[in-house]
$ cat target.pdb   # PDB, C-alpha atoms
ATOM      1  CA  MET W   1      40.865  20.769  -0.264
ATOM      2  CA  SER W   2      42.861  19.024   2.412
ATOM      3  CA  THR W   3      41.219  16.129   4.221
ATOM      4  CA  ASN W   4      41.716  17.954   7.533
ATOM      5  CA  ILE W   5      39.768  21.035   6.367
ATOM      6  CA  LEU W   6      36.993  18.851   4.954
ATOM      7  CA  ASN W   7      36.835  16.914   8.232
ATOM      8  CA  ASP W   8      36.654  20.189  10.217
ATOM      9  CA  SER W   9      33.830  21.415   7.966
ATOM     10  CA  ASN W  10      31.902  18.141   8.231
ATOM     11  CA  SER W  11      32.403  18.062  12.014
ATOM     12  CA  PHE W  12      31.048  21.604  12.306
ATOM     13  CA  LEU W  13      28.020  20.715  10.156
ATOM     14  CA  LYS W  14      27.269  17.654  12.274
ATOM     15  CA  LYS W  15      27.700  19.661  15.486
ATOM     16  CA  ILE W  16      25.072  22.191  14.380
ATOM     17  CA  GLY W  17      22.699  19.396  13.382
ATOM     18  CA  VAL W  18      22.976  19.589   9.601
ATOM     19  CA  ASP W  19      22.398  16.362   7.687
ATOM     20  CA  LEU W  20      25.304  16.067   5.240
ATOM     21  CA  SER W  21      23.046  14.330   2.715
ATOM     22  CA  SER W  22      20.699  17.337   2.484
ATOM     23  CA  LEU W  23      23.054  20.167   1.577
ATOM     24  CA  PRO W  24      22.595  23.036   1.036
ATOM     25  CA  SER W  25      20.546  23.446   4.217
ATOM     26  CA  PRO W  26      19.018  26.450   5.961
ATOM     27  CA  VAL W  27      20.565  27.104   9.363
ATOM     28  CA  LYS W  28      20.703  29.992  11.832
ATOM     29  CA  LEU W  29      24.237  31.115  12.674
ATOM     30  CA  LEU W  30      26.341  33.869  14.167
ATOM     31  CA  ILE W  31      28.089  35.348  11.131
ATOM     32  CA  SER W  32      31.218  37.477  11.423
ATOM     33  CA  PHE W  33      33.384  39.350   8.967
ATOM     34  CA  ILE W  34      36.762  40.524  10.199
ATOM     35  CA  ASP W  35      39.113  42.855   8.362
ATOM     36  CA  LEU W  36      42.353  44.709   9.042
ATOM     37  CA  THR W  37      42.567  48.472   8.643
ATOM     38  CA  ASN W  38      45.355  50.074   6.593
ATOM     39  CA  PHE W  39      46.516  46.728   5.252
ATOM     40  CA  SER W  40      47.488  48.020   1.813
ATOM     41  CA  LYS W  41      49.240  51.033   3.330
ATOM     42  CA  ASN W  42      51.205  48.887   5.784
ATOM     43  CA  PHE W  43      52.335  46.336   3.213
ATOM     44  CA  TYR W  44      52.716  48.510   0.103
ATOM     45  CA  ASP W  45      56.510  48.466   0.289
ATOM     46  CA  LYS W  46      56.845  44.923   1.683
ATOM     47  CA  SER W  47      57.632  41.860  -0.381
ATOM     48  CA  SER W  48      54.895  39.388  -1.197
ATOM     49  CA  VAL W  49      56.644  36.839   1.050
ATOM     50  CA  GLU W  50      56.680  39.282   3.995
ATOM     51  CA  THR W  51      52.978  39.969   3.411
ATOM     52  CA  PHE W  52      52.176  36.268   3.191
ATOM     53  CA  ASN W  53      54.131  35.520   6.368
ATOM     54  CA  TYR W  54      52.258  38.234   8.260
ATOM     55  CA  ILE W  55      48.856  36.909   7.148
ATOM     56  CA  SER W  56      50.022  33.390   7.981
ATOM     57  CA  SER W  57      50.961  34.443  11.521
ATOM     58  CA  ILE W  58      47.627  36.134  12.255
ATOM     59  CA  SER W  59      45.662  33.338  10.555
ATOM     60  CA  LYS W  60      47.063  30.910  13.132
ATOM     61  CA  ILE W  61      45.845  33.157  15.965
ATOM     62  CA  ILE W  62      42.425  33.544  14.341
ATOM     63  CA  ILE W  63      41.894  29.857  13.525
ATOM     64  CA  SER W  64      42.992  28.578  16.931
ATOM     65  CA  SER W  65      40.843  31.147  18.788
ATOM     66  CA  VAL W  66      37.744  30.463  16.693
ATOM     67  CA  ASN W  67      38.150  26.674  16.737
ATOM     68  CA  ASP W  68      38.676  26.646  20.524
ATOM     69  CA  ALA W  69      35.342  28.483  20.942
ATOM     70  CA  GLY W  70      33.464  26.023  18.712
ATOM     71  CA  GLY W  71      33.372  28.175  15.580
ATOM     72  CA  LEU W  72      34.726  27.774  12.087
ATOM     73  CA  VAL W  73      36.770  30.073   9.874
ATOM     74  CA  LEU W  74      35.086  29.549   6.504
ATOM     75  CA  LYS W  75      37.642  31.436   4.467
ATOM     76  CA  PHE W  76      40.329  34.053   4.341
ATOM     77  CA  ILE W  77      40.267  36.654   1.601
ATOM     78  CA  GLY W  78      43.557  38.499   1.891
ATOM     79  CA  ASP W  79      43.440  40.361   5.209
ATOM     80  CA  SER W  80      39.750  39.527   5.780
ATOM     81  CA  ALA W  81      37.966  36.420   6.986
ATOM     82  CA  LEU W  82      34.451  35.013   7.198
ATOM     83  CA  ILE W  83      33.721  33.216  10.466
ATOM     84  CA  ILE W  84      30.659  31.319  11.705
ATOM     85  CA  PHE W  85      29.423  30.008  15.045
ATOM     86  CA  ASP W  86      26.443  27.866  15.998
ATOM     87  CA  LEU W  87      23.804  29.928  17.805
ATOM     88  CA  LYS W  88      24.314  27.657  20.851
ATOM     89  CA  ASP W  89      27.836  29.127  21.014
ATOM     90  CA  ILE W  90      26.832  32.759  20.412
ATOM     91  CA  ASP W  91      28.160  34.078  23.732
ATOM     92  CA  ALA W  92      31.442  32.197  23.366
ATOM     93  CA  GLY W  93      31.636  33.372  19.750
ATOM     94  CA  VAL W  94      31.100  37.044  20.536
ATOM     95  CA  THR W  95      33.482  37.065  23.521
ATOM     96  CA  THR W  96      36.089  35.164  21.496
ATOM     97  CA  LEU W  97      35.854  37.753  18.720
ATOM     98  CA  LEU W  98      36.197  40.574  21.283
ATOM     99  CA  ASP W  99      39.325  38.903  22.646
ATOM    100  CA  LEU W 100      40.597  38.229  19.128
ATOM    101  CA  LYS W 101      40.307  41.923  18.250
ATOM    102  CA  LYS W 102      42.349  42.806  21.330
ATOM    103  CA  ARG W 103      45.000  40.166  20.556
ATOM    104  CA  ILE W 104      45.401  41.159  16.893
ATOM    105  CA  ASP W 105      45.475  44.881  17.749
ATOM    106  CA  GLU W 106      48.201  44.257  20.360
ATOM    107  CA  TYR W 107      50.125  42.045  17.934
ATOM    108  CA  ASN W 108      50.014  44.767  15.260
ATOM    109  CA  GLU W 109      51.118  47.366  17.789
ATOM    110  CA  SER W 110      54.084  45.166  18.756
ATOM    111  CA  LEU W 111      55.069  45.121  15.068
ATOM    112  CA  LYS W 112      54.604  48.914  14.898
ATOM    113  CA  LEU W 113      51.829  48.527  12.319
ATOM    114  CA  ASP W 114      49.135  51.186  12.108
ATOM    115  CA  SER W 115      46.356  48.597  11.895
ATOM    116  CA  THR W 116      43.404  47.393  13.938
ATOM    117  CA  LEU W 117      40.962  44.561  13.435
ATOM    118  CA  TYR W 118      37.406  45.476  12.466
ATOM    119  CA  VAL W 119      34.829  42.911  13.574
ATOM    120  CA  LYS W 120      31.199  42.761  12.418
ATOM    121  CA  CYS W 121      28.727  40.223  13.839
ATOM    122  CA  HIS W 122      25.184  39.453  12.749
ATOM    123  CA  THR W 123      22.783  36.590  13.387
ATOM    124  CA  GLY W 124      20.353  35.035  10.963
ATOM    125  CA  GLU W 125      19.374  32.226   8.651
ATOM    126  CA  VAL W 126      21.720  31.286   5.833
ATOM    127  CA  ALA W 127      22.038  28.447   3.363
ATOM    128  CA  ILE W 128      25.110  26.357   4.162
ATOM    129  CA  GLY W 129      26.657  23.841   1.824
ATOM    130  CA  TYR W 130      29.544  22.947  -0.400
ATOM    131  CA  LEU W 131      30.495  24.837  -3.559
ATOM    132  CA  GLY W 132      32.953  23.733  -6.188
ATOM    133  CA  LEU W 133      34.046  20.456  -7.639
ATOM    134  CA  LYS W 134      33.098  17.054  -6.243
ATOM    135  CA  ASP W 135      36.730  16.254  -5.446
ATOM    136  CA  ASP W 136      37.451  19.798  -4.146
ATOM    137  CA  PRO W 137      34.403  21.013  -2.153
ATOM    138  CA  ARG W 138      34.427  24.373  -0.316
ATOM    139  CA  LEU W 139      32.024  24.983   2.562
ATOM    140  CA  ASP W 140      30.287  28.342   2.252
ATOM    141  CA  ILE W 141      27.207  30.286   3.314
ATOM    142  CA  MET W 142      24.803  32.384   1.270
ATOM    143  CA  GLY W 143      21.850  34.644   1.921
ATOM    144  CA  ASN W 144      20.699  38.127   2.816
ATOM    145  CA  GLU W 145      21.942  37.805   6.396
ATOM    146  CA  VAL W 146      25.498  37.328   5.101
ATOM    147  CA  ASN W 147      25.132  40.502   3.029
ATOM    148  CA  ILE W 148      23.718  42.427   5.990
ATOM    149  CA  CYS W 149      26.743  41.435   8.081
ATOM    150  CA  ALA W 150      29.168  42.364   5.309
ATOM    151  CA  MET W 151      27.587  45.802   4.889
ATOM    152  CA  MET W 152      27.565  46.734   8.585
ATOM    153  CA  LYS W 153      29.536  49.893   9.325
ATOM    154  CA  THR W 154      32.100  49.958  12.097
ATOM    155  CA  ARG W 155      35.481  51.396  12.944
ATOM    156  CA  GLY W 156      36.084  48.739  15.562
ATOM    157  CA  PHE W 157      33.684  46.080  16.816
ATOM    158  CA  ALA W 158      29.961  45.960  16.101
ATOM    159  CA  ILE W 159      27.149  43.496  16.645
ATOM    160  CA  SER W 160      23.678  43.798  15.165
ATOM    161  CA  ALA W 161      20.588  44.248  17.322
ATOM    162  CA  GLU W 162      19.555  40.696  16.334
ATOM    163  CA  THR W 163      22.800  39.361  17.745
ATOM    164  CA  PHE W 164      22.626  41.487  20.898
ATOM    165  CA  ARG W 165      19.116  40.160  21.684
ATOM    166  CA  LYS W 166      20.373  36.560  21.594
ATOM    167  CA  LEU W 167      23.197  37.140  24.093
ATOM    168  CA  THR W 168      22.906  36.260  27.765
ATOM    169  CA  PRO W 169      22.456  39.193  30.177
ATOM    170  CA  GLU W 170      26.068  38.723  31.314
ATOM    171  CA  THR W 171      27.487  39.060  27.797
ATOM    172  CA  ARG W 172      25.164  41.969  26.992
ATOM    173  CA  LYS W 173      26.884  43.949  29.750
ATOM    174  CA  LEU W 174      29.975  44.122  27.501
ATOM    175  CA  PHE W 175      28.135  46.355  25.002
ATOM    176  CA  LYS W 176      26.370  49.692  24.758
ATOM    177  CA  LYS W 177      23.874  50.869  22.196
ATOM    178  CA  HIS W 178      25.240  52.921  19.328
ATOM    179  CA  THR W 179      22.745  54.593  17.041
ATOM    180  CA  PRO W 180      23.987  56.186  13.839
ATOM    181  CA  PRO W 181      22.307  59.338  12.527
ATOM    182  CA  VAL W 182      18.722  58.728  11.490
ATOM    183  CA  PHE W 183      17.071  60.317   8.509
ATOM    184  CA  TYR W 184      13.459  60.276   7.383
ATOM    185  CA  ILE W 185      11.855  59.501   4.036
ATOM    186  CA  PRO W 186       8.323  60.252   2.785
ATOM    187  CA  LEU W 187       5.600  57.780   3.795
ATOM    188  CA  ASN W 188       4.892  56.857   0.181
ATOM    189  CA  GLU W 189       8.553  56.044  -0.558
ATOM    190  CA  THR W 190       9.720  52.458  -0.063
ATOM    191  CA  HIS W 191      12.808  51.650   1.967
ATOM    192  CA  LYS W 192      15.848  51.033  -0.199
ATOM    193  CA  TYR W 193      18.589  48.682   0.868
ATOM    194  CA  TYR W 194      21.971  49.010  -0.762
ATOM    195  CA  PHE W 195      23.956  45.810  -0.699
TER     196      PHE W 195
END
$ encode --input "target.pdb" --output "structure tokens"
Amino acid sequence: MSTNILNDSNSFLKKIGVDLSSLPSPVKLLISFIDLTNFSKNFYDKSSVETFNYISSISKIIISSVNDAGGLVLKFIGDSALIIFDLKDIDAGVTTLLDLKKRIDEYNESLKLDSTLYVKCHTGEVAIGYLGLKDDPRLDIMGNEVNICAMMKTRGFAISAETFRKLTPETRKLFKKHTPPVFYIPLNETHKYYF
């Protein structure tokens, strides 16, 4: 891992009040997964270098936007990314991600790509710490809240009710409630969660 990335990770941990000597640590964060639609379709007939250059160009937009708002891009996985913000920066994080969706969608349109950015945001407690080798540590988060965020359904931009409740009244005005179809189960049946 480059020294710069490690320094960014350590700076973020210190900013959110995590003692580097007690990792992994529980911490409450805004968690976001972002993903591009139709990525495979758009790049099926492109060279691996063209694909890499495209991801490189949008990664610069994503990293600079997130860093400027006080967040951290934990990792890219192809055309997806995992992003975190301190709860103190939740409004800046959510509005930055809204703006980021708009910027990436416009960028893709300018390239005549049939692709939009999906954004999912959830808030909750995670374990944060370093994985990997001592001389090559990778900051990561684990826990049910990460899985809940990853499994959220959206065709655009979605925030969980937990996240919405933590926003200021001004930021809440940017959203409306969306309730998917509800179904009922027998009283004696336990709820099943599919992760």
$ resolve_selection --input "target.pdb" --expression "the PyMOL selection byres ((chain W and resi 118-121) around 9)" --output "ChimeraX atom specification"
/W:30-37,94,97-98,101,116-117,122-123,149-160,163
$ closest_residue --input "target.pdb" --among "W:Ser65, W:Thr96, W:Asn108, W:Ser25" --to "Asn42 of chain W" --atoms "all atoms listed in the file"
W:Asn108
$ residues_around --input "target.pdb" --residues "Ile63 of chain W" --least-positions-apart "2" --cutoff "12 Å" --atoms "only C-alpha atoms" --output "ChimeraX atom specification"
/W:5,8,55-61,65-76,81-84,96-97,100
$ atom_distance --input "target.pdb" --atom1 "atom CA of Lys134 of chain W" --atom2 "atom CA of Lys15 of chain W"
22.5 Å
$ closest_residue --input "target.pdb" --among "W:Leu20, W:Leu133, W:Val126, W:Val49" --to "Ile148 of chain W" --atoms "all atoms listed in the file"
W:Val126
$ atom_distance --input "target.pdb" --atom1 "atom CA of Ser40 of chain W" --atom2 "atom CA of His178 of chain W"
28.7 Å
$ residues_around --input "target.pdb" --residues "Leu167 of chain W" --least-positions-apart "6" --cutoff "10 Å" --atoms "all atoms listed in the file" --output "count of residues only"
7
$ atom_distance --input "target.pdb" --atom1 "atom CA of Asp135 of chain W" --atom2 "atom CA of Asp79 of chain W"
27.2 Å
$ axis_aligned_box --input "target.pdb" --around "segment 62-74 of chain W" --padding-each-side "3 Å" --output "AutoDock Vina command-line options"
--center_x 38.2 --center_y 29.8 --center_z 13.7 --size_x 15.6 --size_y 13.5 --size_z 20.4
$ residues_around --input "target.pdb" --residues "Met142 of chain W" --least-positions-apart "6" --cutoff "9 Å" --atoms "only C-alpha atoms" --output "JSON, numbers by chain"
{"W": [126, 127, 128, 129]}
$ write_last_selection --input "target.pdb" --atoms "C-alpha atoms" --output "CSV table (one decimal), in the coordinates of the input"
chain,number,residue,atom,x,y,z
W,126,VAL,CA,21.7,31.3,5.8
W,127,ALA,CA,22.0,28.4,3.4
W,128,ILE,CA,25.1,26.4,4.2
W,129,GLY,CA,26.7,23.8,1.8
$ closest_residue --input "target.pdb" --among "W:Asp19, W:Thr51, W:Lys28, W:Lys88" --to "Val146 of chain W" --atoms "only C-alpha atoms"
W:Lys28
$ residues_near_point --input "target.pdb" --point "(22.6, 35.1, 6.6)" --cutoff "6 Å" --atoms "all atoms listed in the file" --output "ChimeraX atom specification"
/W:124-126,143-146
$ write_last_selection --input "target.pdb" --atoms "C-alpha atoms" --output "mmCIF file, keeping the file's coordinate frame"
data_model
loop_
_atom_site.group_PDB
_atom_site.id
_atom_site.type_symbol
_atom_site.label_atom_id
_atom_site.label_comp_id
_atom_site.auth_asym_id
_atom_site.auth_seq_id
_atom_site.Cartn_x
_atom_site.Cartn_y
_atom_site.Cartn_z
ATOM 1 C CA GLY W 124 20.353 35.035 10.963
ATOM 2 C CA GLU W 125 19.374 32.226 8.651
ATOM 3 C CA VAL W 126 21.720 31.286 5.833
ATOM 4 C CA GLY W 143 21.850 34.644 1.921
ATOM 5 C CA ASN W 144 20.699 38.127 2.816
ATOM 6 C CA GLU W 145 21.942 37.805 6.396
ATOM 7 C CA VAL W 146 25.498 37.328 5.101
#
$ closest_residue --input "target.pdb" --among "W:Asp86, W:Asp140, W:Glu106, W:Asp45" --to "Leu23 of chain W" --atoms "all atoms listed in the file"
W:Asp140
$ residues_around --input "target.pdb" --residues "Ser21 of chain W" --least-positions-apart "6" --cutoff "12 Å" --atoms "all atoms listed in the file" --output "list in words"
Asn10, Leu13, Lys14, Gly129 and Tyr130 of chain W
